Amino acid sequence: GARVISFSLPEPLMRMWVLVYTILLIAILYRETCAATKISVIGFFTACHGTPGCGWDQLFQTQMAHDGAIGYAVMMPDTVIGGPGTAVDPNFVTLLSRAKIANVPILGFVYTEFTDRNISEVIVDIDNYYKFYPGISGIYIGDSDSNCDQMEAYYGVLWKYIKAQHNSATVVLQIGTLAHECSMNMSSIIVNLVSYYSDELAFQPPEWSKNYPPERFWHLVFLTPSNLLDKVYKKAVENRAGHVLITDQDIIDKYSALPS
């Protein structure tokens, strides 16, 4: 059956996520010489526009003011079941038009429950993203397994399916620190760190990762104190992350709320 995801925090707090950490990180990004590392965000909130504290507004304004600072943004219109939903949401159609103007590539989120979800359901979600929101730039696959054999039989199939239908699509696999090199053959980008700021500071990239450019790696870093943002960002760059999300929010809320 369908997995229910609970989103309990109030909307104003959710919308503040992009507003707060984008401002702080943009200041860091353009103060340093390592500006090639992008801020890539996961925005599971409504397609707001013109409302106080609207995260999407802040994101687009940041990109237009500092072209190239934002790498990707991930959307999930259906925040109850998770995914694109069963019908088009005109607010997200408008959002994608605005994203195109701001030059912010948008990815659609699908969940896989570490291969436990029936792959045919995932393919339906992928098809619906492109049917409802043809302006998306690709698919973000959450909760990916790290076993190479299982990955090939599941994520390898999804990779080939997406690329056969949409050759230019960006495909992101969220795996974590257990990621193996085999994952690079079935993704455009892997998320190879999903953890707290202390783990970023202690992280040692695997030797095989040096065979690939930083833009193929994405780090999600949680519970980061504001006074350590600069240090954590620099360490993420040192750790060869081409995309980063660094936030004060707890990891348990990474899909259910936006950091304040």
# chains A, B, ... in the order shown; residues from 1 in each chain; ligands from 1
$ closest_atom_pairs --of "segment 145-178 of chain A" --to "segment 183-199 of chain A" --cutoff "8 Å" --atoms "only C-alpha atoms" --output "tab-separated table"
residue	atom	partner	partner_atom	distance
A:Ser146	CA	A:Ser183	CA	7.8
A:Cys148	CA	A:Ser183	CA	7.3
A:Met151	CA	A:Ser183	CA	7.4
A:Glu152	CA	A:Met186	CA	7.8
A:Tyr155	CA	A:Met186	CA	6.7
A:Gly156	CA	A:Met186	CA	5.2
A:Trp159	CA	A:Met186	CA	5.4
A:Lys160	CA	A:Met186	CA	7.7
A:Thr170	CA	A:Ser188	CA	5.7
A:Val171	CA	A:Ser188	CA	5.1
A:Val172	CA	A:Ile189	CA	4.8
A:Leu173	CA	A:Ile190	CA	4.8
A:Gln174	CA	A:Val191	CA	4.5
A:Ile175	CA	A:Val191	CA	5.7
A:Gly176	CA	A:Asn192	CA	4.1
A:Thr177	CA	A:Asn192	CA	4.9
A:Leu178	CA	A:Asn192	CA	7.4
$ write_last_selection --atoms "N, CA, C and O atoms" --output "compact mmCIF listing (two decimals), in the first residue's frame"
# COMPACT_ATOMS: atom_id res chain seq x y z
N SER A 146 22.26 0.46 -1.05
CA SER A 146 23.67 0.60 -1.42
C SER A 146 24.30 -0.71 -1.89
O SER A 146 25.46 -0.71 -2.29
N CYS A 148 25.30 -3.33 -4.39
CA CYS A 148 25.48 -3.18 -5.84
C CYS A 148 24.57 -4.10 -6.65
O CYS A 148 24.01 -3.69 -7.66
N MET A 151 21.09 -2.82 -6.38
CA MET A 151 21.00 -1.54 -7.07
C MET A 151 20.84 -1.74 -8.57
O MET A 151 20.01 -1.09 -9.21
N GLU A 152 21.63 -2.62 -9.14
CA GLU A 152 21.58 -2.84 -10.58
C GLU A 152 20.21 -3.35 -11.01
O GLU A 152 19.68 -2.93 -12.04
N TYR A 155 17.67 0.17 -9.27
CA TYR A 155 18.00 1.55 -9.67
C TYR A 155 18.62 1.60 -11.06
O TYR A 155 18.46 2.59 -11.78
N GLY A 156 19.30 0.52 -11.43
CA GLY A 156 19.81 0.45 -12.80
C GLY A 156 18.68 0.44 -13.81
O GLY A 156 18.77 1.06 -14.87
N TRP A 159 17.25 4.00 -13.89
CA TRP A 159 18.18 4.85 -14.63
C TRP A 159 17.98 4.69 -16.14
O TRP A 159 17.82 5.66 -16.87
N LYS A 160 17.98 3.44 -16.59
CA LYS A 160 17.81 3.18 -18.02
C LYS A 160 16.45 3.64 -18.52
O LYS A 160 16.32 4.18 -19.63
N THR A 170 18.52 14.73 -15.37
CA THR A 170 19.42 14.52 -14.24
C THR A 170 18.76 13.50 -13.31
O THR A 170 17.60 13.67 -12.94
N VAL A 171 19.50 12.47 -12.94
CA VAL A 171 18.99 11.45 -12.04
C VAL A 171 19.87 11.42 -10.79
O VAL A 171 21.07 11.16 -10.88
N VAL A 172 19.26 11.72 -9.63
CA VAL A 172 19.98 11.75 -8.37
C VAL A 172 19.59 10.53 -7.54
O VAL A 172 18.40 10.23 -7.39
N LEU A 173 20.59 9.84 -6.99
CA LEU A 173 20.36 8.73 -6.07
C LEU A 173 20.81 9.16 -4.68
O LEU A 173 21.97 9.51 -4.48
N GLN A 174 19.88 9.15 -3.71
CA GLN A 174 20.24 9.45 -2.33
C GLN A 174 20.61 8.15 -1.63
O GLN A 174 19.76 7.31 -1.36
N ILE A 175 21.90 7.98 -1.34
CA ILE A 175 22.40 6.72 -0.79
C ILE A 175 22.99 6.91 0.60
O ILE A 175 22.65 6.20 1.54
N GLY A 176 23.90 7.87 0.75
CA GLY A 176 24.59 8.05 2.02
C GLY A 176 26.02 7.55 1.94
O GLY A 176 26.54 7.22 0.88
N THR A 177 26.67 7.45 3.10
CA THR A 177 28.09 7.17 3.13
C THR A 177 28.44 5.73 2.74
O THR A 177 29.61 5.40 2.55
N LEU A 178 27.44 4.85 2.64
CA LEU A 178 27.70 3.47 2.23
C LEU A 178 27.75 3.32 0.71
O LEU A 178 27.85 2.21 0.19
$ residues_around --residues "Glu238 of chain A" --least-positions-apart "5" --cutoff "12 Å" --atoms "only C-alpha atoms" --output "compact mmCIF listing (two decimals) with N, CA and C atoms, in the first residue's frame"
# COMPACT_ATOMS: atom_id res chain seq x y z
N CYS A 34 36.01 29.04 -3.80
CA CYS A 34 35.51 27.74 -4.24
C CYS A 34 34.03 27.84 -4.59
N ALA A 36 32.45 26.99 -7.09
CA ALA A 36 31.90 25.97 -7.97
C ALA A 36 30.93 25.05 -7.25
N THR A 37 31.01 24.95 -5.93
CA THR A 37 30.07 24.13 -5.18
C THR A 37 28.74 24.85 -5.09
N GLU A 200 30.14 15.52 8.64
CA GLU A 200 30.78 16.19 7.51
C GLU A 200 32.21 16.56 7.86
N LEU A 201 32.39 17.07 9.06
CA LEU A 201 33.73 17.49 9.48
C LEU A 201 34.68 16.30 9.58
N ALA A 202 34.14 15.10 9.86
CA ALA A 202 34.98 13.92 10.01
C ALA A 202 35.02 13.07 8.73
N PHE A 203 34.26 13.46 7.73
CA PHE A 203 34.09 12.63 6.53
C PHE A 203 35.39 12.53 5.72
N GLN A 204 35.67 11.32 5.23
CA GLN A 204 36.79 11.09 4.33
C GLN A 204 36.23 10.50 3.03
N PRO A 205 36.30 11.23 1.93
CA PRO A 205 35.75 10.70 0.68
C PRO A 205 36.43 9.39 0.31
N LYS A 210 37.58 10.00 -6.27
CA LYS A 210 38.51 10.91 -6.93
C LYS A 210 38.53 10.71 -8.44
N PRO A 214 33.57 16.74 -8.75
CA PRO A 214 32.75 17.05 -7.57
C PRO A 214 31.27 17.24 -7.87
N HIS A 219 25.94 16.57 -0.73
CA HIS A 219 25.91 16.32 0.71
C HIS A 219 24.72 17.04 1.35
N LYS A 231 32.72 26.90 8.35
CA LYS A 231 33.63 25.77 8.52
C LYS A 231 33.09 24.51 7.85
N VAL A 232 31.79 24.26 8.04
CA VAL A 232 31.18 23.07 7.47
C VAL A 232 31.14 23.15 5.95
N TYR A 233 30.83 24.34 5.44
CA TYR A 233 30.81 24.51 3.99
C TYR A 233 32.19 24.26 3.38
N VAL A 244 25.61 21.07 -2.06
CA VAL A 244 25.44 20.98 -0.61
C VAL A 244 24.10 21.56 -0.18
$ select_by_dssp --residues "segment 7-255 of chain A" --states "alpha helix (DSSP H)" --output "MDAnalysis selection string"
chainID A and resid 11:29 55:65 90:102 119:132 148:165 197:202 229:238
$ residues_around --residues "Leu223 of chain A" --least-positions-apart "3" --cutoff "6 Å" --atoms "only C-alpha atoms" --output "PyMOL selection string"
chain A and resi 196+248-250
$ residues_around --residues "Tyr72 of chain A" --least-positions-apart "3" --cutoff "7 Å" --atoms "only C-alpha atoms" --output "PyMOL selection string"
chain A and resi 40-41+104-106
$ closest_atom_pairs --of "segment 75-112 of chain A" --to "segment 56-60 of chain A" --cutoff "12 Å" --atoms "only C-alpha atoms" --output "Markdown table"
| residue | atom | partner | partner_atom | distance |
| --- | --- | --- | --- | --- |
| A:Met75 | CA | A:Trp56 | CA | 10.4 |
| A:Asn91 | CA | A:Trp56 | CA | 11.9 |
| A:Phe92 | CA | A:Trp56 | CA | 11.0 |
| A:Thr94 | CA | A:Trp56 | CA | 11.5 |
| A:Leu95 | CA | A:Trp56 | CA | 8.2 |
| A:Leu96 | CA | A:Trp56 | CA | 10.5 |
| A:Ser97 | CA | A:Phe60 | CA | 11.3 |
| A:Arg98 | CA | A:Phe60 | CA | 7.8 |
| A:Ala99 | CA | A:Phe60 | CA | 6.7 |
| A:Lys100 | CA | A:Phe60 | CA | 9.5 |
| A:Ile101 | CA | A:Phe60 | CA | 8.6 |
| A:Ala102 | CA | A:Phe60 | CA | 5.5 |
| A:Asn103 | CA | A:Phe60 | CA | 8.0 |
| A:Val104 | CA | A:Phe60 | CA | 7.0 |
| A:Pro105 | CA | A:Phe60 | CA | 10.6 |
| A:Ile106 | CA | A:Trp56 | CA | 11.3 |
